[in-house]
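Containing mmCIF, C-alpha atoms and all ligand atoms: upload24.cif.
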data_target
#
loop_
_atom_site.label_atom_id
_atom_site.label_comp_id
_atom_site.auth_asym_id
_atom_site.auth_seq_id
_atom_site.Cartn_x
_atom_site.Cartn_y
_atom_site.Cartn_z
CA SER J 1 122.06 82.76 113.54
CA GLY J 2 122.79 85.00 110.57
CA ALA J 3 121.05 88.06 112.03
CA LEU J 4 122.94 91.34 112.20
CA LEU J 5 121.40 92.26 115.55
CA ARG J 6 119.89 90.02 118.14
CA VAL J 7 118.56 91.46 121.39
CA GLU J 8 117.75 88.46 123.52
CA HIS J 9 115.48 88.87 126.50
CA LEU J 10 117.46 91.87 127.60
CA SER J 11 116.82 93.27 131.08
CA LEU J 12 118.55 96.38 132.32
CA ASP J 13 118.25 98.35 135.55
CA TYR J 14 119.26 101.89 136.40
CA ARG J 15 120.34 102.08 140.03
CA ILE J 16 120.59 105.49 141.61
CA GLY J 17 121.03 105.69 145.35
CA GLY J 18 118.63 103.07 146.72
CA ARG J 19 116.23 103.34 143.76
CA THR J 20 115.99 100.93 140.88
CA VAL J 21 114.31 101.54 137.54
CA ARG J 22 113.77 98.49 135.36
CA ALA J 23 114.29 100.24 132.01
CA LEU J 24 114.35 97.03 129.96
CA ASP J 25 112.36 94.04 131.14
CA GLY J 26 113.06 91.15 128.79
CA ALA J 27 113.20 92.95 125.45
CA ASP J 28 113.58 90.86 122.28
CA LEU J 29 114.51 92.13 118.84
CA VAL J 30 116.06 90.64 115.69
CA LEU J 31 117.28 92.59 112.68
CA ASP J 32 118.64 91.15 109.44
CA GLU J 33 121.68 92.46 107.61
CA GLY J 34 120.88 95.69 105.77
CA ALA J 35 117.31 96.00 107.10
CA SER J 36 115.73 99.09 108.64
CA ILE J 37 113.59 99.09 111.76
CA GLY J 38 111.81 101.92 113.54
CA VAL J 39 111.52 101.47 117.29
CA VAL J 40 108.57 103.44 118.63
CA GLY J 41 106.89 103.86 122.01
CA GLU J 42 105.98 106.45 124.61
CA SER J 43 108.58 108.41 126.51
CA GLY J 44 110.23 106.15 129.08
CA SER J 45 109.39 102.91 127.26
CA GLY J 46 113.10 102.09 126.97
CA LYS J 47 113.96 103.06 123.37
CA SER J 48 117.18 104.92 124.17
CA THR J 49 118.27 102.28 126.67
CA LEU J 50 117.80 99.60 124.02
CA GLY J 51 119.66 101.64 121.40
CA SER J 52 122.61 102.35 123.68
CA ALA J 53 122.72 98.73 124.80
CA VAL J 54 123.46 97.69 121.20
CA GLY J 55 126.94 99.18 121.65
CA ARG J 56 126.98 98.81 125.42
CA LEU J 57 127.19 102.60 125.52
CA LEU J 58 125.23 102.86 128.74
CA PRO J 59 125.34 105.35 131.60
CA ARG J 60 127.25 104.29 134.69
CA ALA J 61 123.99 103.76 136.59
CA ALA J 62 122.93 101.01 134.17
CA HIS J 63 123.29 97.36 135.17
CA LEU J 64 122.63 94.27 133.09
CA ALA J 65 119.93 92.24 134.82
CA GLY J 66 119.49 89.45 132.28
CA GLY J 67 119.75 88.43 128.66
CA GLY J 68 122.12 89.98 126.16
CA VAL J 69 122.84 91.50 122.77
CA ARG J 70 124.58 89.99 119.77
CA VAL J 71 125.93 92.08 116.90
CA ALA J 72 127.00 89.94 113.95
CA GLY J 73 127.07 87.04 116.40
CA GLU J 74 129.36 88.78 118.92
CA PRO J 75 128.02 88.84 122.50
CA VAL J 76 128.32 92.56 123.27
CA PHE J 77 128.00 92.23 127.05
CA ASP J 78 130.57 89.44 127.29
CA LEU J 79 133.34 91.06 125.25
CA ALA J 80 136.61 92.20 126.78
CA PRO J 81 137.20 95.98 126.52
CA ALA J 82 139.50 95.77 123.47
CA ALA J 83 137.12 93.49 121.56
CA LEU J 84 134.21 95.76 122.45
CA ARG J 85 136.06 98.82 121.15
CA ARG J 86 136.87 97.00 117.93
CA LEU J 87 133.23 95.93 117.48
CA ARG J 88 132.05 99.52 117.98
CA ARG J 89 134.65 100.86 115.58
CA GLU J 90 134.19 98.25 112.86
CA LEU J 91 130.50 97.39 112.96
CA LEU J 92 128.54 100.17 114.65
CA GLY J 93 127.65 103.79 114.10
CA PHE J 94 125.62 105.98 116.46
CA VAL J 95 123.75 109.23 115.90
CA PHE J 96 122.03 110.94 118.82
CA GLN J 97 119.38 113.60 119.28
CA ASP J 98 121.72 116.47 120.12
CA PRO J 99 124.37 116.77 117.39
CA ILE J 100 126.31 119.56 119.10
CA ALA J 101 126.77 117.38 122.18
CA SER J 102 128.25 114.58 120.07
CA LEU J 103 130.87 116.90 118.52
CA ASP J 104 133.95 118.31 120.21
CA PRO J 105 133.41 122.08 120.58
CA THR J 106 137.14 122.82 120.57
CA MET J 107 137.96 121.11 117.29
CA ARG J 108 137.29 122.06 113.68
CA VAL J 109 134.95 119.70 111.81
CA GLY J 110 137.67 118.51 109.42
CA ARG J 111 139.98 117.49 112.23
CA GLN J 112 137.19 115.56 113.99
CA LEU J 113 136.42 113.68 110.78
CA ARG J 114 140.10 112.92 110.32
CA LEU J 115 140.24 111.41 113.81
CA VAL J 116 137.56 108.93 112.74
CA LEU J 117 139.03 108.32 109.28
CA GLY J 118 142.60 107.86 110.43
CA ARG J 119 145.66 110.10 110.31
CA ARG J 120 146.40 109.48 106.65
CA ALA J 121 143.06 110.86 105.45
CA GLY J 122 143.68 113.89 103.25
CA ASP J 123 141.61 117.01 102.61
CA LYS J 124 140.05 115.34 99.60
CA GLU J 125 138.79 112.39 101.59
CA VAL J 126 137.38 114.69 104.29
CA ALA J 127 135.66 116.77 101.58
CA GLY J 128 134.22 113.58 100.09
CA HIS J 129 132.63 112.60 103.39
CA LEU J 130 131.12 116.07 103.79
CA GLU J 131 129.73 115.95 100.25
CA ARG J 132 128.11 112.60 100.94
CA VAL J 133 125.99 114.29 103.63
CA ARG J 134 125.43 117.20 101.23
CA LEU J 135 127.63 119.70 103.03
CA ASP J 136 130.01 122.16 101.42
CA PRO J 137 133.63 120.99 101.89
CA ALA J 138 134.35 124.43 103.41
CA VAL J 139 132.49 123.20 106.51
CA ALA J 140 135.70 121.32 107.36
CA ARG J 141 137.16 124.60 108.66
CA ALA J 142 134.18 125.41 110.89
CA TYR J 143 133.82 124.83 114.61
CA PRO J 144 130.65 123.03 115.76
CA HIS J 145 129.10 126.18 117.30
CA GLN J 146 129.26 127.87 113.89
CA LEU J 147 126.91 125.27 112.39
CA SER J 148 123.11 125.15 112.35
CA GLY J 149 121.45 122.15 114.03
CA GLY J 150 120.84 120.48 110.69
CA MET J 151 124.44 120.99 109.55
CA ALA J 152 125.83 119.74 112.85
CA GLN J 153 123.68 116.63 112.58
CA ARG J 154 124.99 116.02 109.05
CA VAL J 155 128.54 116.22 110.41
CA ALA J 156 127.62 113.73 113.14
CA ILE J 157 126.11 111.44 110.49
CA ALA J 158 129.22 111.77 108.31
CA MET J 159 131.34 110.75 111.31
CA ALA J 160 129.08 107.81 112.17
CA MET J 161 129.09 106.56 108.56
CA ALA J 162 132.77 107.28 107.81
CA THR J 163 133.89 103.92 109.19
CA GLU J 164 131.32 102.07 107.04
CA PRO J 165 129.34 100.51 109.89
CA ARG J 166 127.10 97.53 109.22
CA LEU J 167 124.57 98.87 111.72
CA LEU J 168 123.60 102.47 112.37
CA VAL J 169 121.70 103.26 115.57
CA ALA J 170 119.94 106.62 115.31
CA ASP J 171 118.28 107.86 118.50
CA GLU J 172 115.76 110.55 117.52
CA PRO J 173 118.36 112.18 115.26
CA THR J 174 115.89 114.83 114.08
CA ALA J 175 113.95 115.61 117.25
CA ALA J 176 115.75 118.95 117.68
CA LEU J 177 115.33 120.04 114.03
CA ASP J 178 112.48 121.83 112.26
CA SER J 179 110.33 119.81 109.91
CA GLN J 180 111.93 120.65 106.55
CA VAL J 181 115.48 120.11 107.81
CA ARG J 182 114.22 116.91 109.45
CA GLU J 183 113.23 115.38 106.10
CA GLU J 184 116.55 116.37 104.51
CA VAL J 185 118.55 114.83 107.36
CA LEU J 186 116.48 111.63 107.19
CA ASN J 187 117.06 111.48 103.42
CA VAL J 188 120.79 111.65 104.10
CA VAL J 189 120.68 108.97 106.82
CA PHE J 190 118.55 106.51 104.88
CA GLY J 191 120.29 107.26 101.57
CA LEU J 192 123.76 106.60 102.98
CA ALA J 193 122.68 103.46 104.81
CA ALA J 194 121.00 102.05 101.70
CA GLU J 195 124.08 102.80 99.60
CA ALA J 196 126.35 101.10 102.12
CA GLY J 197 123.96 98.20 102.74
CA ALA J 198 123.98 99.08 106.44
CA GLY J 199 121.15 98.17 108.78
CA ILE J 200 119.34 100.93 110.67
CA VAL J 201 117.75 100.98 114.10
CA TRP J 202 115.84 104.27 114.29
CA LEU J 203 114.43 105.17 117.69
CA SER J 204 111.57 107.59 117.22
CA HIS J 205 108.30 109.01 118.50
CA ASP J 206 107.16 109.70 114.96
CA LEU J 207 104.97 106.80 113.82
CA PRO J 208 104.00 108.18 110.40
CA ALA J 209 107.64 109.02 109.60
CA VAL J 210 108.74 105.54 110.64
CA ALA J 211 106.00 104.02 108.49
CA ARG J 212 107.30 105.95 105.46
CA ARG J 213 110.97 105.07 105.92
CA CYS J 214 111.36 101.70 107.62
CA GLU J 215 110.76 98.16 106.43
CA ARG J 216 109.96 97.03 109.96
CA VAL J 217 108.57 98.50 113.17
CA ALA J 218 109.05 97.48 116.78
CA VAL J 219 106.71 98.86 119.42
CA MET J 220 108.03 99.17 122.96
CA TYR J 221 106.03 99.33 126.15
CA GLY J 222 107.37 99.14 129.68
CA GLY J 223 110.82 98.01 128.62
CA ARG J 224 109.58 95.24 126.33
CA VAL J 225 109.06 94.94 122.60
CA VAL J 226 105.32 94.19 122.53
CA GLU J 227 104.92 93.99 118.76
CA GLU J 228 107.31 93.67 115.82
CA GLY J 229 106.79 93.10 112.12
CA PRO J 230 106.59 94.68 108.66
CA ALA J 231 105.82 98.42 109.04
CA ALA J 232 102.63 98.36 106.97
CA GLU J 233 101.19 95.48 108.97
CA VAL J 234 102.15 96.68 112.44
CA LEU J 235 100.76 100.17 111.84
CA GLY J 236 97.92 99.23 109.48
CA ARG J 237 96.67 96.11 111.27
CA PRO J 238 98.06 96.34 114.80
CA ALA J 239 97.89 93.03 116.65
CA HIS J 240 98.70 94.35 120.15
CA PRO J 241 96.12 96.54 121.93
CA TYR J 242 98.87 99.03 122.81
CA THR J 243 99.97 99.39 119.17
CA ALA J 244 96.34 99.98 118.21
CA ALA J 245 96.05 102.71 120.87
CA LEU J 246 99.36 104.26 119.80
CA ALA J 247 98.37 104.25 116.11
CA ARG J 248 95.08 105.97 117.06
CA SER J 249 96.94 108.68 118.95
CA ALA J 250 99.38 109.44 116.10
CA PRO J 251 98.45 112.50 114.01
CA ALA J 252 99.07 111.63 110.34
CA ALA J 253 98.59 107.89 110.74
CA ALA J 254 94.99 108.55 111.79
CA GLY J 255 94.28 110.44 108.57
CA PRO J 256 92.54 113.74 107.98
CA GLY J 257 89.40 114.41 109.96
CA THR J 258 90.08 111.68 112.51
CA ARG J 259 90.08 112.82 116.11
CA LEU J 260 93.27 112.19 118.04
CA VAL J 261 92.78 109.77 120.86
CA PRO J 262 95.43 109.88 123.57
CA VAL J 263 96.37 106.48 124.94
CA PRO J 264 94.23 106.38 128.10
CA GLY J 265 95.89 105.88 131.50
CA ARG J 266 99.43 106.45 132.67
CA PRO J 267 102.70 104.83 131.68
CA PRO J 268 103.87 102.05 133.98
CA VAL J 269 106.13 102.65 136.95
CA LEU J 270 108.87 100.10 136.56
CA THR J 271 110.83 99.32 139.69
CA GLY J 272 111.40 95.65 138.96
CA PRO J 273 110.30 92.88 136.62
CA ALA J 274 106.57 93.18 135.88
CA PRO J 275 104.75 89.96 136.82
CA GLY J 276 102.28 90.10 133.94
CA CYS J 277 101.76 92.31 130.92
CA ALA J 278 102.90 95.86 131.70
CA PHE J 279 100.03 97.26 129.59
CA ALA J 280 97.31 95.28 131.43
CA PRO J 281 96.20 98.18 133.71
CA ARG J 282 95.47 100.33 130.63
CA CYS J 283 94.21 97.61 128.33
CA ALA J 284 90.51 97.41 127.36
CA PHE J 285 90.92 93.70 126.67
CA ALA J 286 92.77 92.64 129.82
CA ILE J 287 91.68 89.45 131.53
CA ASP J 288 92.80 88.07 134.91
CA ARG J 289 95.77 86.28 133.49
CA CYS J 290 97.20 89.47 131.96
CA SER J 291 98.19 91.02 135.28
CA ARG J 292 99.56 87.76 136.69
CA GLU J 293 101.41 85.96 133.95
CA ARG J 294 104.03 87.26 131.57
CA PRO J 295 102.88 86.76 127.98
CA ALA J 296 105.01 84.69 125.62
CA LEU J 297 105.81 85.82 122.07
CA ALA J 298 103.05 84.81 119.64
CA ARG J 299 102.81 85.02 115.86
CA VAL J 300 99.87 86.91 114.34
CA GLY J 301 100.12 87.28 110.57
CA GLY J 302 103.60 88.68 109.88
CA GLN J 303 103.90 90.07 113.39
CA THR J 304 105.42 88.86 116.63
CA VAL J 305 103.24 89.93 119.54
CA LEU J 306 103.62 89.85 123.30
CA CYS J 307 99.97 89.46 124.37
CA HIS J 308 97.93 86.71 126.01
CA ARG J 309 95.02 87.46 123.71
CA ALA J 310 97.05 87.79 120.50
CA GLY J 311 95.01 86.77 117.48
CA GLU J 312 91.72 86.39 119.40
CA PRO J 313 88.68 87.44 117.37
CA VAL J 314 87.73 90.09 119.97
CA LEU J 315 90.92 92.07 119.16
CA THR J 316 90.52 91.70 115.41
CA ALA J 317 86.85 92.75 115.57
CA ALA J 318 87.65 95.86 117.64
CA ARG J 319 90.38 96.84 115.21
CA GLU J 320 88.14 96.45 112.16
CA ALA J 321 85.35 98.45 113.79
CA GLU J 322 87.86 101.28 114.25
CA VAL J 323 89.05 101.18 110.67
CA ASP J 324 85.45 101.39 109.43
CA ALA J 325 84.42 104.19 111.80
P1 LIG J 401 112.15 109.09 125.47
O1 LIG J 401 111.11 108.85 124.43
O2 LIG J 401 111.73 110.12 126.46
O3 LIG J 401 113.51 109.33 124.90
P2 LIG J 401 112.89 106.35 125.96
O4 LIG J 401 111.84 105.45 125.39
O5 LIG J 401 114.10 106.58 125.18
O6 LIG J 401 112.20 107.73 126.34
P3 LIG J 401 114.68 105.59 128.12
O7 LIG J 401 115.42 106.87 128.07
O8 LIG J 401 115.36 104.38 127.62
O9 LIG J 401 113.26 105.72 127.38
O10 LIG J 401 114.25 105.39 129.63
C1 LIG J 401 113.68 104.18 130.13
C2 LIG J 401 113.55 104.31 131.63
O11 LIG J 401 114.83 104.41 132.22
C3 LIG J 401 112.79 105.56 132.09
O12 LIG J 401 112.05 105.23 133.24
C4 LIG J 401 113.89 106.53 132.41
O13 LIG J 401 113.47 107.44 133.42
C5 LIG J 401 114.98 105.62 132.95
N1 LIG J 401 116.33 106.15 132.67
C6 LIG J 401 116.84 106.44 131.45
N2 LIG J 401 118.12 106.87 131.56
C7 LIG J 401 118.42 106.88 132.87
C8 LIG J 401 119.58 107.22 133.63
N3 LIG J 401 120.71 107.64 133.04
N4 LIG J 401 119.53 107.08 134.96
C9 LIG J 401 118.39 106.64 135.55
N5 LIG J 401 117.27 106.30 134.91
C10 LIG J 401 117.27 106.41 133.59
MG MG J 402 114.97 108.24 124.29
#

Would you encode the structure as structure tokens?
Ligand code: ATP
Ligand code: MG
Amino acid sequence: SGALLRVEHLSLDYRIGGRTVRALDGADLVLDEGASIGVVGESGSGKSTLGSAVGRLLPRAAHLAGGGVRVAGEPVFDLAPAALRRLRRELLGFVFQDPIASLDPTMRVGRQLRLVLGRRAGDKEVAGHLERVRLDPAVARAYPHQLSGGMAQRVAIAMAMATEPRLLVADEPTAALDSQVREEVLNVVFGLAAEAGAGIVWLSHDLPAVARRCERVAVMYGGRVVEEGPAAEVLGRPAHPYTAALARSAPAAAGPGTRLVPVPGRPPVLTGPAPGCAFAPRCAFAIDRCSRERPALARVGGQTVLCHRAGEPVLTAAREAEVDA
């Protein structure tokens, strides 16, 4: 398998006290070398858990319950600590929502960059990395608290990209920034990744932004990837009823004048493996089988879909009626 990233039927529990949350429940995802994918889904659908699992950077409460992750063929959950550290250092970069939290408050920016680059890195090299994220080299002398949110996130991006990762995992890197700064930061992230030929996994709530930036989109629901495919197809001709509902609820994707429709019903409560489709209780097209039997992955057009009724005319007809309305 030549894929850069392969998430194979990954199941992950958080155990706290006597309680278990099944955060991932058999999630599948494949990403080719150099490709970009936006992972979208409601809060709690498992996006951050999936992103962190790529580098096995999980909270202590997390426990692998099945499946695994391969990065460039390496089985992340089976690696010894030294091999895991090497894989993180050589192949992966991470950017998180809160840039200040990912920087050391006691250390000047330049020194933090030098720690990533290696002791021999000179001022010129540090300046070069700051310029690549469109920061003034003078920022090297600043402490993190002296930076704006957008600047701090650029520093975090510079650090994540400094080691030339083959895969960058960005978990809502712009959620804390205002909209203009957000676009600039995304330009930097996608520009650097494209230049370096690095793949991107971008975890986001922002469907329209993902549609503009990513080649592919994965939609998560209840700890599973329920639909994956080329961005234009997944968002323009959703094959899973949940994707269709999500696309309807997204502001810009719906177009001017369209009323926003919240996805009806409540998100699933996941305490263990769901017997059927996790979306069945909220799905207008659910049949008996949906609540009893776990759907298998099906192909519909360019998409991979986790739905018993995938490709049935009733779904296609409903979708086309919506587009016309
Ligand atoms: P959001 O859009 O809000 O960031 P998400 O899609 O990233 O959500 P996750 O953060 O992966 O979702 O959470 C998946 C599930 O795991 C949720 O039910 C969440 O409450 C639970 N969870 C996440 N992190 C922890 C943790 N450290 N300890 C216990 N439960 C957790
Ligand atoms: Mg999250």

Selection: 10 Å around J:Glu312, only C-alpha atoms, excl. self and same-chain fewer than 4 positions, as a PyMOL selection string: chain J and resi 239+300+308+316-317

Could you report the residues within 9 Å of ligand LIG 401 (chain J), using only C-alpha atoms and all ligand atoms, as a PDB file with C-alpha atoms, in the coordinates of the input?
ATOM      1  CA  LEU J  12     118.550  96.380 132.320  1.00  0.00           C
ATOM      2  CA  ASP J  13     118.250  98.350 135.550  1.00  0.00           C
ATOM      3  CA  TYR J  14     119.260 101.890 136.400  1.00  0.00           C
ATOM      4  CA  ARG J  15     120.340 102.080 140.030  1.00  0.00           C
ATOM      5  CA  ILE J  16     120.590 105.490 141.610  1.00  0.00           C
ATOM      6  CA  THR J  20     115.990 100.930 140.880  1.00  0.00           C
ATOM      7  CA  VAL J  21     114.310 101.540 137.540  1.00  0.00           C
ATOM      8  CA  ARG J  22     113.770  98.490 135.360  1.00  0.00           C
ATOM      9  CA  ALA J  23     114.290 100.240 132.010  1.00  0.00           C
ATOM     10  CA  LEU J  24     114.350  97.030 129.960  1.00  0.00           C
ATOM     11  CA  VAL J  40     108.570 103.440 118.630  1.00  0.00           C
ATOM     12  CA  GLY J  41     106.890 103.860 122.010  1.00  0.00           C
ATOM     13  CA  GLU J  42     105.980 106.450 124.610  1.00  0.00           C
ATOM     14  CA  SER J  43     108.580 108.410 126.510  1.00  0.00           C
ATOM     15  CA  GLY J  44     110.230 106.150 129.080  1.00  0.00           C
ATOM     16  CA  SER J  45     109.390 102.910 127.260  1.00  0.00           C
ATOM     17  CA  GLY J  46     113.100 102.090 126.970  1.00  0.00           C
ATOM     18  CA  LYS J  47     113.960 103.060 123.370  1.00  0.00           C
ATOM     19  CA  SER J  48     117.180 104.920 124.170  1.00  0.00           C
ATOM     20  CA  THR J  49     118.270 102.280 126.670  1.00  0.00           C
ATOM     21  CA  LEU J  50     117.800  99.600 124.020  1.00  0.00           C
ATOM     22  CA  GLY J  51     119.660 101.640 121.400  1.00  0.00           C
ATOM     23  CA  SER J  52     122.610 102.350 123.680  1.00  0.00           C
ATOM     24  CA  LEU J  58     125.230 102.860 128.740  1.00  0.00           C
ATOM     25  CA  PRO J  59     125.340 105.350 131.600  1.00  0.00           C
ATOM     26  CA  ARG J  60     127.250 104.290 134.690  1.00  0.00           C
ATOM     27  CA  ALA J  61     123.990 103.760 136.590  1.00  0.00           C
ATOM     28  CA  ALA J  62     122.930 101.010 134.170  1.00  0.00           C
ATOM     29  CA  ASP J 171     118.280 107.860 118.500  1.00  0.00           C
ATOM     30  CA  GLU J 172     115.760 110.550 117.520  1.00  0.00           C
ATOM     31  CA  LEU J 203     114.430 105.170 117.690  1.00  0.00           C
ATOM     32  CA  SER J 204     111.570 107.590 117.220  1.00  0.00           C
ATOM     33  CA  HIS J 205     108.300 109.010 118.500  1.00  0.00           C
ATOM     34  CA  MET J 220     108.030  99.170 122.960  1.00  0.00           C
ATOM     35  CA  TYR J 221     106.030  99.330 126.150  1.00  0.00           C
ATOM     36  CA  GLY J 222     107.370  99.140 129.680  1.00  0.00           C
ATOM     37  CA  GLY J 223     110.820  98.010 128.620  1.00  0.00           C
ATOM     38  CA  PRO J 268     103.870 102.050 133.980  1.00  0.00           C
ATOM     39  CA  VAL J 269     106.130 102.650 136.950  1.00  0.00           C
ATOM     40  CA  LEU J 270     108.870 100.100 136.560  1.00  0.00           C
ATOM     41  CA  THR J 271     110.830  99.320 139.690  1.00  0.00           C
TER      42      THR J 271
END

Can you tell me which residues surround J:Arg224 at a distance of at most 6 Å, considering only C-alpha atoms, apart from same-chain residues fewer than 4 positions away, and format the answer as a compact mmCIF listing (two decimals) with C-alpha atoms, keeping the file's coordinate frame?
# COMPACT_ATOMS: atom_id res chain seq x y z
CA ASP J 25 112.36 94.04 131.14
CA GLY J 26 113.06 91.15 128.79
CA ALA J 27 113.20 92.95 125.45
CA MET J 220 108.03 99.17 122.96

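Taking atom CA of J:Val219 as the reference point, atom CA of J:Gln153 is found at 25.5 Å.
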
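For the atom pair formed by atom CA of J:Val210 and atom CA of J:Ala175, the distance is 13.1 Å, given to one decimal.
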
For ligand MG 402 (chain J), the nearest of the candidates J:Gln303, J:Ser11, J:Ser36, J:Gln97, counting all atoms listed in the file: J:Gln97

Residue contacts of J:Phe285 (10 Å, all atoms listed in the file) excluding same-chain residues fewer than 6 positions away, as a ChimeraX atom specification: /J:241,308-309,314-315,318

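Here atom CA of J:Ala274 and atom CA of J:Ala286 stand 15.1 Å from one another.
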